[in-house]
$ cat data_19.txt   # compact mmCIF, C-alpha atoms
# COMPACT_ATOMS: atom_id res chain seq x y z
CA MET W 1 -167.48 57.11 -38.73
CA SER W 2 -169.18 55.04 -41.39
CA LEU W 3 -171.18 56.47 -44.30
CA ALA W 4 -174.47 55.14 -42.85
CA ALA W 5 -173.79 56.82 -39.49
CA ALA W 6 -172.96 60.11 -41.24
CA PHE W 7 -176.24 60.01 -43.19
CA PHE W 8 -178.11 59.10 -39.98
CA TYR W 9 -176.77 62.17 -38.19
CA LEU W 10 -177.45 64.35 -41.24
CA PHE W 11 -181.06 63.22 -41.66
CA SER W 12 -181.69 63.38 -37.90
CA ALA W 13 -180.32 66.91 -37.56
CA VAL W 14 -182.30 68.18 -40.55
CA MET W 15 -185.49 66.52 -39.30
CA LEU W 16 -185.17 67.93 -35.78
CA ALA W 17 -184.36 71.43 -37.04
CA SER W 18 -187.22 71.45 -39.54
CA ALA W 19 -189.65 70.05 -36.94
CA PHE W 20 -188.71 72.90 -34.61
CA MET W 21 -189.17 75.42 -37.43
CA VAL W 22 -192.67 74.04 -38.12
CA ILE W 23 -193.82 75.43 -34.78
CA ALA W 24 -191.46 78.42 -34.67
CA ALA W 25 -192.06 79.92 -38.12
CA ARG W 26 -194.37 82.94 -38.15
CA ASN W 27 -195.57 82.40 -41.71
CA PRO W 28 -197.88 79.36 -42.00
CA VAL W 29 -196.70 78.70 -45.57
CA HIS W 30 -193.13 78.41 -44.30
CA SER W 31 -194.36 76.03 -41.58
CA VAL W 32 -195.83 73.69 -44.18
CA LEU W 33 -192.63 73.80 -46.24
CA PHE W 34 -190.58 72.89 -43.15
CA LEU W 35 -193.07 70.07 -42.50
CA ILE W 36 -192.39 68.70 -45.98
CA LEU W 37 -188.64 68.85 -45.26
CA ALA W 38 -189.18 66.95 -42.00
CA PHE W 39 -191.14 64.23 -43.86
CA VAL W 40 -188.41 63.84 -46.47
CA SER W 41 -185.74 63.56 -43.76
CA ALA W 42 -187.80 60.95 -41.91
CA SER W 43 -188.12 58.94 -45.13
CA GLY W 44 -184.32 59.03 -45.42
CA LEU W 45 -184.08 57.55 -41.92
CA PHE W 46 -186.55 54.82 -42.92
CA ILE W 47 -184.37 53.94 -45.91
CA LEU W 48 -181.34 53.67 -43.63
CA MET W 49 -183.28 51.23 -41.43
CA GLY W 50 -184.20 49.07 -44.42
CA ALA W 51 -187.89 50.00 -44.39
CA GLU W 52 -188.07 51.27 -47.94
CA PHE W 53 -191.83 50.73 -48.20
CA LEU W 54 -192.50 53.06 -45.27
CA ALA W 55 -190.09 55.61 -46.74
CA MET W 56 -191.90 55.65 -50.08
CA ILE W 57 -195.31 55.78 -48.40
CA LEU W 58 -194.13 58.74 -46.33
CA VAL W 59 -192.99 60.60 -49.43
CA VAL W 60 -195.94 59.68 -51.66
CA VAL W 61 -198.79 60.00 -49.14
CA TYR W 62 -197.64 62.63 -46.69
CA VAL W 63 -195.44 64.86 -48.85
CA GLY W 64 -197.28 64.29 -52.11
CA ALA W 65 -200.83 64.54 -50.79
CA VAL W 66 -201.27 65.68 -47.20
CA ALA W 67 -198.57 68.35 -46.93
CA VAL W 68 -199.31 69.78 -50.37
CA LEU W 69 -203.00 69.87 -49.43
CA PHE W 70 -202.11 71.72 -46.21
CA LEU W 71 -200.10 74.20 -48.24
CA PHE W 72 -202.95 74.67 -50.71
CA VAL W 73 -205.51 75.17 -47.92
CA VAL W 74 -203.31 77.63 -46.00
CA MET W 75 -202.69 79.68 -49.13
CA MET W 76 -206.29 79.64 -50.38
CA LEU W 77 -208.32 80.19 -47.19
CA ASP W 78 -206.49 83.34 -46.05
CA VAL W 79 -207.08 82.53 -42.38
CA ASP W 80 -206.49 85.40 -39.94
CA PHE W 81 -203.94 83.74 -37.65
CA ALA W 82 -203.58 86.84 -35.47
CA GLU W 83 -207.22 86.50 -34.47
CA LEU W 84 -206.86 82.77 -33.82
CA LYS W 85 -203.87 83.35 -31.52
CA LYS W 86 -205.67 85.91 -29.31
CA GLY W 87 -206.86 83.42 -26.68
CA MET W 88 -203.71 81.30 -26.76
CA LEU W 89 -202.17 82.65 -23.56
CA GLN W 90 -204.91 81.20 -21.36
CA TYR W 91 -203.87 77.68 -22.41
CA MET W 92 -200.14 78.19 -21.82
CA PRO W 93 -200.02 76.69 -18.27
CA LEU W 94 -201.70 73.47 -19.46
CA ALA W 95 -199.44 73.36 -22.53
CA ALA W 96 -196.36 73.80 -20.33
CA ILE W 97 -197.42 70.91 -18.06
CA ILE W 98 -198.01 68.64 -21.07
CA GLY W 99 -194.65 69.67 -22.56
CA ILE W 100 -192.82 68.85 -19.31
CA VAL W 101 -194.52 65.43 -19.11
CA VAL W 102 -193.59 64.62 -22.72
CA ALA W 103 -189.99 65.75 -22.11
CA ILE W 104 -189.74 63.49 -19.03
CA GLU W 105 -191.10 60.57 -21.04
CA LEU W 106 -188.56 61.18 -23.79
CA VAL W 107 -185.71 61.29 -21.27
CA LEU W 108 -186.89 58.00 -19.72
CA VAL W 109 -187.19 56.33 -23.12
CA VAL W 110 -183.78 57.50 -24.33
CA GLY W 111 -182.16 56.67 -20.98
CA GLY W 112 -183.50 53.11 -20.96
CA TRP W 113 -182.82 52.37 -24.62
CA THR W 114 -180.25 49.75 -25.52
CA ALA W 115 -179.46 48.31 -28.94
CA ARG W 116 -180.08 44.61 -29.41
CA PRO W 117 -177.05 42.96 -31.09
CA GLY W 118 -178.96 41.35 -33.95
CA ALA W 119 -181.61 44.00 -34.41
CA ALA W 120 -180.50 45.05 -37.88
CA ALA W 121 -180.14 41.48 -39.19
CA LYS W 122 -182.47 40.30 -41.93
CA PRO W 123 -185.13 37.76 -40.88
CA ALA W 124 -184.65 34.18 -41.93
CA ASP W 125 -187.69 34.02 -44.21
CA THR W 126 -187.76 35.72 -47.60
CA VAL W 127 -190.88 37.80 -46.96
CA SER W 128 -190.53 41.35 -48.26
CA ASN W 129 -191.10 44.42 -46.12
CA THR W 130 -194.37 45.21 -47.84
CA MET W 131 -195.80 41.72 -47.36
CA ALA W 132 -194.71 41.52 -43.72
CA LEU W 133 -196.18 44.93 -42.96
CA GLY W 134 -199.44 44.05 -44.71
CA ARG W 135 -199.77 40.79 -42.79
CA VAL W 136 -199.29 42.52 -39.45
CA LEU W 137 -201.38 45.59 -40.30
CA TYR W 138 -204.42 43.79 -41.69
CA THR W 139 -204.50 40.88 -39.21
CA GLN W 140 -203.29 41.86 -35.74
CA TYR W 141 -203.91 45.61 -36.00
CA ALA W 142 -206.92 45.77 -38.32
CA TYR W 143 -209.20 47.47 -35.77
CA PHE W 144 -206.52 50.01 -34.85
CA PHE W 145 -205.98 50.70 -38.55
CA GLN W 146 -209.69 51.39 -39.05
CA ALA W 147 -209.79 53.55 -35.89
CA ALA W 148 -206.86 55.62 -37.20
CA GLY W 149 -208.77 56.19 -40.43
CA LEU W 150 -211.84 57.37 -38.50
CA ILE W 151 -209.71 59.71 -36.40
CA LEU W 152 -208.15 61.21 -39.53
CA LEU W 153 -211.61 61.64 -41.08
CA THR W 154 -212.85 63.40 -37.94
CA ALA W 155 -209.79 65.66 -37.92
CA MET W 156 -210.34 66.58 -41.56
CA ILE W 157 -214.01 67.42 -40.98
CA GLY W 158 -213.09 69.43 -37.86
CA ALA W 159 -210.45 71.42 -39.76
CA ILE W 160 -212.96 72.25 -42.48
CA VAL W 161 -215.61 73.31 -39.94
CA LEU W 162 -213.17 75.47 -37.97
CA THR W 163 -211.68 77.30 -40.94
CA LEU W 164 -214.67 77.69 -43.27
CA HIS W 165 -216.40 80.97 -42.50
CA HIS W 166 -219.16 82.35 -44.72
CA LYS W 167 -218.81 86.03 -45.51
CA PRO W 168 -221.99 88.08 -45.12
CA GLY W 169 -223.51 89.68 -48.18
CA VAL W 170 -222.28 87.03 -50.63
CA LYS W 171 -224.92 85.34 -52.79
CA ARG W 172 -224.81 81.58 -52.46
CA GLN W 173 -226.30 78.85 -54.54
CA ASN W 174 -229.34 77.05 -53.08
CA ILE W 175 -229.88 73.77 -54.93
CA ALA W 176 -233.30 73.08 -53.36
CA ASP W 177 -234.67 76.45 -54.48
CA GLN W 178 -233.30 75.95 -57.97
CA ASN W 179 -234.85 72.51 -58.31
CA ALA W 180 -238.21 73.74 -56.97
CA ARG W 181 -238.57 76.46 -59.62
CA ASP W 182 -241.05 75.94 -62.43
CA ARG W 183 -241.38 77.61 -65.80
CA ASN W 184 -243.58 80.43 -64.53
CA GLU W 185 -240.97 81.51 -61.98
CA ALA W 186 -237.96 81.06 -64.20
CA VAL W 187 -239.15 82.84 -67.34
CA GLU W 188 -240.89 86.22 -67.52
CA LEU W 189 -242.29 87.35 -70.86
CA LYS W 190 -242.51 91.10 -71.47
CA LYS W 191 -244.14 92.83 -74.37
CA VAL W 192 -241.68 95.49 -75.49
CA PRO W 193 -242.99 98.18 -77.84
CA SER W 194 -241.16 98.51 -81.09
CA ARG W 195 -238.11 100.88 -81.13
CA THR W 196 -238.26 101.65 -77.40
CA GLY W 197 -235.90 99.10 -75.91
CA VAL W 198 -236.22 97.39 -72.59

$ encode --input "data_19.txt" --output "structure tokens"
Amino acid sequence: MSLAAAFFYLFSAVMLASAFMVIAARNPVHSVLFLILAFVSASGLFILMGAEFLAMILVVVYVGAVAVLFLFVVMMLDVDFAELKKGMLQYMPLAAIIGIVVAIELVLVVGGWTARPGAAAKPADTVSNTMALGRVLYTQYAYFFQAAGLILLTAMIGAIVLTLHHKPGVKRQNIADQNARDRNEAVELKKVPSRTGV
């Protein structure tokens, strides 16, 4: 077994195990940490394939920004996950059907996969990975790239709306009321007699 094959099996095993632990861990902080481990393992696989730009983007963007942000949000919001999981059992039949369909698709894809003999060979031109990816992404797939950005923006807004709950009895700042105040409302002058205090 070559060194590249050994690293492939190592990164693949770690990524699959950590991806399973993302959904199996009871503590949401542990889930995010396993997600970071899965991203790092996937970047190792990208490096083995020669796509170093995608590997660095995966580490910098997903591990450095998105996953750390998830961890920060999970730790700061103190979401009651026991309450969120109460109605989960009613969706289990639909989730099982979707899981079976995805498993069948994976079996069909893996069963019909064959390696092309010259798949790992370098292209004839001297275009770097970054330039080739940019050409394809911003010409042929520009609309899909913009649509993916809109979907991510919608998901971020939805996550904020679903997890942000205002607690009753907490005073909140109202900018419109503050800007509408004048001097008569903001300042009250009292005549205090000497040596009596307020």

$ atom_distance --input "data_19.txt" --atom1 "atom CA of Leu33 of chain W" --atom2 "atom CA of Pro93 of chain W"
29.1 Å

$ residues_around --input "data_19.txt" --residues "Ala19 of chain W" --least-positions-apart "4" --cutoff "10 Å" --atoms "only C-alpha atoms" --output "VMD selection string"
chain W and resid 13 to 15 23 to 24 31 34 to 39

$ closest_residue --input "data_19.txt" --among "W:Ala6, W:Met88, W:Met56, W:Leu150" --to "Val40 of chain W" --atoms "all atoms listed in the file"
W:Met56

$ closest_residue --input "data_19.txt" --among "W:Ser41, W:Leu54, W:Val73, W:Ala5" --to "Ala17 of chain W" --atoms "all atoms listed in the file"
W:Ser41

$ atom_distance --input "data_19.txt" --atom1 "atom CA of Leu10 of chain W" --atom2 "atom CA of Ala42 of chain W"
10.9 Å

$ atom_distance --input "data_19.txt" --atom1 "atom CA of Gln140 of chain W" --atom2 "atom CA of Val66 of chain W"
26.5 Å

$ axis_aligned_box --input "data_19.txt" --around "segment 14-29 of chain W" --padding-each-side "6 Å" --output "JSON"
{"center_x": -190.1, "center_y": 74.7, "center_z": -40.1, "size_x": 27.6, "size_y": 28.4, "size_z": 23.0}

$ closest_residue --input "data_19.txt" --among "W:Leu45, W:Val29, W:Leu89, W:Met76" --to "Phe11 of chain W" --atoms "only C-alpha atoms"
W:Leu45

$ build_atoms --input "data_19.txt" --residues "segment 174-185 of chain W" --atoms "all heavy atoms" --output "CSV table (one decimal), in the frame of the given file"
chain,number,residue,atom,x,y,z
W,174,ASN,N,-228.4,77.9,-53.9
W,174,ASN,CA,-229.3,77.0,-53.1
W,174,ASN,C,-230.0,76.0,-54.1
W,174,ASN,O,-230.8,76.4,-54.9
W,174,ASN,CB,-230.4,77.9,-52.4
W,174,ASN,CG,-231.2,77.1,-51.4
W,174,ASN,OD1,-231.2,75.9,-51.4
W,174,ASN,ND2,-231.8,77.8,-50.4
W,175,ILE,N,-229.5,74.8,-54.0
W,175,ILE,CA,-229.9,73.8,-54.9
W,175,ILE,C,-231.4,73.5,-54.8
W,175,ILE,O,-232.1,73.3,-55.8
W,175,ILE,CB,-229.0,72.5,-54.7
W,175,ILE,CG1,-227.5,72.8,-54.8
W,175,ILE,CG2,-229.4,71.4,-55.7
W,175,ILE,CD1,-227.1,73.3,-56.2
W,176,ALA,N,-231.9,73.4,-53.6
W,176,ALA,CA,-233.3,73.1,-53.4
W,176,ALA,C,-234.2,74.1,-54.0
W,176,ALA,O,-235.2,73.8,-54.6
W,176,ALA,CB,-233.6,73.0,-51.9
W,177,ASP,N,-233.9,75.4,-53.8
W,177,ASP,CA,-234.7,76.4,-54.5
W,177,ASP,C,-234.6,76.4,-56.0
W,177,ASP,O,-235.6,76.6,-56.7
W,177,ASP,CB,-234.2,77.8,-54.0
W,177,ASP,CG,-234.6,78.1,-52.6
W,177,ASP,OD1,-235.4,77.3,-52.0
W,177,ASP,OD2,-234.0,79.0,-52.0
W,178,GLN,N,-233.4,76.0,-56.5
W,178,GLN,CA,-233.3,76.0,-58.0
W,178,GLN,C,-234.1,74.8,-58.5
W,178,GLN,O,-234.7,74.9,-59.6
W,178,GLN,CB,-231.8,75.8,-58.4
W,178,GLN,CG,-231.0,77.1,-58.2
W,178,GLN,CD,-229.6,76.9,-58.6
W,178,GLN,OE1,-229.1,75.8,-58.6
W,178,GLN,NE2,-228.9,78.0,-58.8
W,179,ASN,N,-234.1,73.7,-57.8
W,179,ASN,CA,-234.8,72.5,-58.3
W,179,ASN,C,-236.4,72.7,-58.1
W,179,ASN,O,-237.1,72.1,-58.9
W,179,ASN,CB,-234.4,71.2,-57.6
W,179,ASN,CG,-233.0,70.8,-58.0
W,179,ASN,OD1,-232.6,71.1,-59.1
W,179,ASN,ND2,-232.4,70.1,-57.1
W,180,ALA,N,-236.8,73.5,-57.2
W,180,ALA,CA,-238.2,73.7,-57.0
W,180,ALA,C,-238.8,74.8,-57.9
W,180,ALA,O,-240.0,74.9,-57.9
W,180,ALA,CB,-238.4,74.2,-55.5
W,181,ARG,N,-238.0,75.5,-58.7
W,181,ARG,CA,-238.6,76.5,-59.6
W,181,ARG,C,-239.3,75.8,-60.8
W,181,ARG,O,-238.9,74.7,-61.3
W,181,ARG,CB,-237.4,77.3,-60.2
W,181,ARG,CG,-236.8,78.2,-59.1
W,181,ARG,CD,-235.6,79.0,-59.7
W,181,ARG,NE,-236.1,80.0,-60.6
W,181,ARG,CZ,-235.3,80.8,-61.3
W,181,ARG,NH1,-234.0,80.7,-61.2
W,181,ARG,NH2,-235.8,81.8,-62.0
W,182,ASP,N,-240.4,76.4,-61.2
W,182,ASP,CA,-241.0,75.9,-62.4
W,182,ASP,C,-240.9,77.0,-63.5
W,182,ASP,O,-240.2,78.0,-63.4
W,182,ASP,CB,-242.5,75.6,-62.2
W,182,ASP,CG,-243.3,76.8,-61.6
W,182,ASP,OD1,-242.6,77.9,-61.5
W,182,ASP,OD2,-244.5,76.7,-61.3
W,183,ARG,N,-241.6,76.7,-64.6
W,183,ARG,CA,-241.4,77.6,-65.8
W,183,ARG,C,-241.9,79.0,-65.6
W,183,ARG,O,-241.4,80.0,-66.0
W,183,ARG,CB,-242.1,77.0,-67.0
W,183,ARG,CG,-241.8,77.7,-68.3
W,183,ARG,CD,-242.5,77.0,-69.5
W,183,ARG,NE,-243.9,77.1,-69.3
W,183,ARG,CZ,-244.8,76.6,-70.2
W,183,ARG,NH1,-244.4,76.0,-71.2
W,183,ARG,NH2,-246.1,76.6,-69.9
W,184,ASN,N,-243.0,79.1,-64.8
W,184,ASN,CA,-243.6,80.4,-64.5
W,184,ASN,C,-242.7,81.3,-63.7
W,184,ASN,O,-242.7,82.5,-63.8
W,184,ASN,CB,-244.9,80.3,-63.8
W,184,ASN,CG,-245.9,79.5,-64.7
W,184,ASN,OD1,-245.9,79.7,-65.9
W,184,ASN,ND2,-246.8,78.8,-64.1
W,185,GLU,N,-241.9,80.7,-62.8
W,185,GLU,CA,-241.0,81.5,-62.0
W,185,GLU,C,-239.7,81.8,-62.7
W,185,GLU,O,-239.0,82.8,-62.5
W,185,GLU,CB,-240.7,80.8,-60.7
W,185,GLU,CG,-241.9,80.6,-59.8
W,185,GLU,CD,-241.5,79.8,-58.5
W,185,GLU,OE1,-240.3,79.4,-58.4
W,185,GLU,OE2,-242.4,79.7,-57.6
